[in-house]
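A.B. asks: Dumping the structure here so I can ask a few things about it.
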Amino acid sequence: MLKLFTSTAYVSHHVTPAIRIRSSPVKSPLLNALTQLTGWNRSSHELGRRAFSSDSEGSDTNSSAIVSKPNLNDCLTLLALPLPHKPLIPGFYMPIYVKDPKLLAALQECRRQQAPYAGAFLLKDDASTDSSSSSETEEILEKLKGKELLNRIHEIGTLAQISSIQGEQVILVGRRRLKITEMVSEDPLTVKVDHLKDKPYDRDDDVIKATYFEVMSTVRDVLRTTSLWRDQVQTYTQHIGDFNYQKLADFGTGISGANKHQNQRILEELDVHNRLDLTLEVVKKEVQINNIQKTIAKTVEDKFSGEKRRILLKEQLAAIKKELDVETDSKSAFSEKFRERIEPNKDKIPKHVLKVIEEELTKLQLLEASSSEYDVTCNYLDWLTMLPWGKFSDENFDVPRAEKILDEDHYGLSDVKERILEFIAVGGLRGTSQGKIICLCGPPGVGKTSIGRSIARALDRKFFRFSVGGLSDVAEIKGHRRTYIGAMPGKMVQCLKSLGTENPLVLIDEIDKLGVRCQAGDPASAMLELLDPEQNANFLDHYLDVTIDLSKVLFVCTANMIDTIPRPLLDRMEVITLSGYITDEKKHIARDYLEKTARRDCGVKPEQVDVSDAALLSLIENYCREAGVRNLHKHIEKIYRKIALKLVRKGASAQVPAISDTKSLAKTDLESPETSAEESKTEQSGAVAETVENFMIDESNLSDYVGKPIFQAEKIYEQTPVGVVMGLAWTSMGGSTLYIETTFVEEGKDKGGLHITGQLGDVMKESAEIAHTVARRIMLEKEPKNHFFANSKLHLHVPAGATPKDGPSAGCTMITSLLSLAMKKPVRKDLAMTGEVTLTGRILPIGGVKEKTIAARRSQVKVIVFPEANRRDFEELAENVKEGLDIHFVDKYEQILELAFGYDKSVTWFHPLRKFLG
Ligand SMILES: Nc1ncnc2c1ncn2[C@@H]1O[C@H](COP(=O)(O)OP(=O)(O)OP(=O)(O)O)[C@@H](O)[C@H]1O
């Protein structure tokens, strides 16, 4: 029996509830017809002609095996069966459900009378009903009878063989095309029909042939994708006959997913070529749908396999990470890590911190691992648990050891060292050195930072340095709030984390250059909170959000001047001044420290270079006059670099040991001069030493190494001319000498006046005016007839004109310069002076006594005049600074007159003054 599973075909594309048959596919193997179909090509055309040459009548003959009785042509009056969803294509099965008992009985009667045929007609769409609702369509079918039904069905349909009737289910097999001609009876609807014949066509027409081949090839494509249809081919050809043009068209339509209208249209088409065209359209669409279906299936499959692969890889990665102990991304691993960190010193962690850690750990468990909040919490916990809660390095208050360390690292600075030792001694007695902020103040390069490092070494504390020069963002000190993206804790928390102890020595560099209050906050207040011993036991970093105890931290600040340090900060500091080095000190530092470091850094052996004392002196005097030694260090390095190059060029490098050897040698030099001397002696005695080149650097060839001298002598005049006096000034770079020059411009009755130049600040300008008034008064007192000041226009200048200057301390120098001009007498040789003067001629104290003394020595000054009030400052100076100087302390200007001009016995009005001075 023929079994074509139209229902299965519909299931794949159209779910048709009315057709509820579920038959199992035919299990017979692929037969020749399939082979023929799938292997069909143009070369087998002849075969094709033979196979498909039979016409529809012929096919009827072929199919007589199943439709043996009666002759189909006799079936002209038939029961009309309405089909709700699809017309019946000839050659295909269709199960239908007949609920009308009358119709069912009539159908059974037909079967019994050996004329098992009926007409199957597609129900037309009704505009008033929703054709898509199959249940409604069935209801309508039940109600429609007679004429009404006739009007609702298409007049062209199919002669259907009633294959079987089981209960309500009737299985029909399409045989031929029919057309209703008239109604015979109403219930059940019986009609008269004409059997339709295809229009005649030319089988050898190229176009129809080509269309046929195209339909064939497309059907083959459809069959390739659906194995089910392959079986249908076999069955179809077996029972209906080979594929002629018409049958191929019907077969293509039957297996396609075309809708009922397309199917009906093809059914009604009697022109074979047109029918083939229409079939081609629907099978092509079928191929397209199949392709889309394949793509969708593949995408879904890929997606599934990709996702599965990802999960698998993730699991593998987690396992590998766990194995390598780098498991960090899972919640439990993180929590475990944080717990492991806090567990050993849980008792030392402050309670409030421990509480926050626990809270955050609980929160971590509730968060989604992919959320940003999760990352923030992890980072926060990382910081909290990494801090050295309750960890301290043991402090060392051994004063002799500290003294040794300080001496080892720095030459001189005895007063500074003494202050530091006092500090350590106090710390030893108290058992702690906290609660103090040391501020090392002095010009650049005097060793403030390196002293800070030495203090840390002496106390056995860890060292951390951060510069606050120009810092204006408070977040640098106090951290960002955690809500900001990329938030970080402040410098202090970073310091504690990196050092791992709660009591390091923190060097805050350039505190005098702290940024000003701005939008980002007031850095001075933040610094105060950080440094103040009263406040810093509960320092609150914005990021950490829990208070931390910084009272154990020893803060050392450095500054170039104290004037710009915020007052509240300065108040809490213990200022230690480093005022710069005199030539002699610089010489020692250069010899014992800088030369050794430079030698080590350049890989030169001690016996290869000899820098003479005179060369060093010239270097200090003519190249590196500043208070510190950083520039001197650079110049010495320059010399050694040039020597290294010369050595290499001359091939001496062959004898110079490898860099690492020289480094270790140089290091030994630094650590123990005696050992290095011995070593070098031994080497000198060896064969290598004989070949080593020796460079001698003295005053004469110094410029070959460091270029032309930068400084001319500060001393412009051997003997200061009339109207010129040497003053002493202080700058943040150290002390310096400066000349005050006054000259006569023009004379005229009551034309007396003073013109001032030299980039002087307001204070210094006022000072010059005061000096003019005081000088005029003194002259009037001593020589009433001298009207020099009243009638002379004068000009006062302070070189160098490009350098801005200010301050009152040049007052006495200006008066002396004016008087020298008035008296036309130069002041005594080698004299320098400093001191503020009041209008009544009193001398007020000045600052920078040490720097000024050092500057005076540098300019070969022998006699210095200081205010009486500065006597103590001077007496505190080291002996080597004071040595060989003739210092005079004055509190009235008249005393300076005697010192400056007393050498000239012709000035009679000095004598009473000399008596006064004793
Ligand atoms: N008394 C000294 N003995 C030995 N070396 C010294 C001495 N003073 C300074 N130095 C050396 O001079 C160099 C510069 O010192 P340092 O950097 O400490 O200066 P600073 O005062 O901190 O300068 P700045 O104010 O510019 O920061 C360092 O190499 C230091 O070792």
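Residue numbering restarts at 1 for every chain of the structure tokens, chains are lettered A, B, ... in their displayed order, and ligands are numbered from 1 as they appear.
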From a DSSP calculation on the backbone, collect every residue of region 782-865 of chain A in strand (DSSP E or B) and output the set as JSON, numbers by chain.

C.D. replies: {"A": [792, 793, 794, 795, 796, 797, 805, 831, 832, 833, 836, 837, 842, 843, 844, 863, 864, 865]}

A.B. asks: Set the cut-off to 9 Å, count only C-alpha atoms and all ligand atoms, and list whatever residues fall near ligand 1 as a tab-separated table (two decimals) with C-alpha atoms, in the first residue's frame.

C.D. replies:
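Final output, saved to selection.tsv:
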chain	number	residue	atom	x	y	z
A	407	ASP	CA	80.18	60.78	61.64
A	408	GLU	CA	80.52	58.02	59.10
A	409	ASP	CA	77.96	59.61	56.79
A	410	HIS	CA	78.71	63.30	57.27
A	411	TYR	CA	81.67	65.50	57.87
A	412	GLY	CA	81.35	68.46	60.25
A	413	LEU	CA	77.84	69.55	61.12
A	440	LEU	CA	66.20	70.37	59.08
A	441	CYS	CA	66.46	73.78	57.51
A	442	GLY	CA	69.20	74.98	55.23
A	443	PRO	CA	70.31	75.74	51.69
A	444	PRO	CA	70.23	73.04	49.02
A	445	GLY	CA	72.86	70.33	49.08
A	446	VAL	CA	73.97	70.74	52.69
A	447	GLY	CA	72.95	67.18	53.52
A	448	LYS	CA	69.47	67.55	55.01
A	449	THR	CA	68.08	64.50	53.24
A	450	SER	CA	71.15	62.41	53.88
A	451	ILE	CA	71.14	63.41	57.57
A	452	GLY	CA	67.54	62.23	57.72
A	453	ARG	CA	68.61	58.90	56.29
A	509	ASP	CA	61.04	66.91	51.87
A	510	GLU	CA	60.55	70.54	50.85
A	558	THR	CA	63.44	69.46	55.39
A	559	ALA	CA	63.16	73.04	54.21
A	560	ASN	CA	65.31	75.63	52.55
A	578	LEU	CA	72.23	73.68	58.56
A	580	GLY	CA	76.17	75.70	54.72
A	581	TYR	CA	79.85	74.89	54.62
A	585	GLU	CA	84.64	72.05	55.43
A	586	LYS	CA	83.91	71.65	51.76
A	588	HIS	CA	87.18	67.86	53.81
A	589	ILE	CA	83.81	66.70	52.49
A	590	ALA	CA	85.22	66.61	48.97
A	592	ASP	CA	86.71	62.17	52.41
A	593	TYR	CA	83.25	61.63	50.95
A	594	LEU	CA	82.55	63.05	47.52
A	597	THR	CA	81.75	58.17	45.84
A	628	GLY	CA	75.90	73.08	49.84
A	629	VAL	CA	78.12	70.50	48.25
A	630	ARG	CA	75.86	69.01	45.59
A	631	ASN	CA	77.39	71.10	42.84
A	632	LEU	CA	80.85	70.29	44.12
A	633	HIS	CA	79.92	66.63	43.99

A.B. asks: What is the distance between CA of Asp698 (chain A) and CA of Arg649 (chain A), in Å to one decimal?

C.D. replies: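 Distance reported for this atom pair: 21.5 Å.
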
A.B. asks: Using backbone DSSP assignments, extract all helix (DSSP H, G or I) residues from region 93-297 of chain A; output them as a PyMOL selection string.

C.D. replies: chain A and resi 101-112+134-143+146-152+206-225+227-240+245-255+260-268+272-297

A.B. asks: Calculated over only C-alpha atoms, which of the candidates A:Arg176, A:Lys751, A:Arg461, A:Arg203 has the smallest distance to Lys552 (chain A)?

C.D. replies: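 So, comparing all the options, the nearest one is A:Arg461.
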
A.B. asks: Can you pull out every residue within 9 Å of region 464-468 of chain A, counting only C-alpha atoms, but drop anything in the same chain fewer than 3 positions away, and send it as a list in words?

C.D. replies: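 Here the answer would be Thr449, Arg453, Leu471, Ser472, Lys491, Cys495, Leu499, Pro504, Leu505, Val506, Leu507, Ile508, Asp509, Glu510, Ile511, Asp512, Lys513, Leu514 and Gly515 of chain A.
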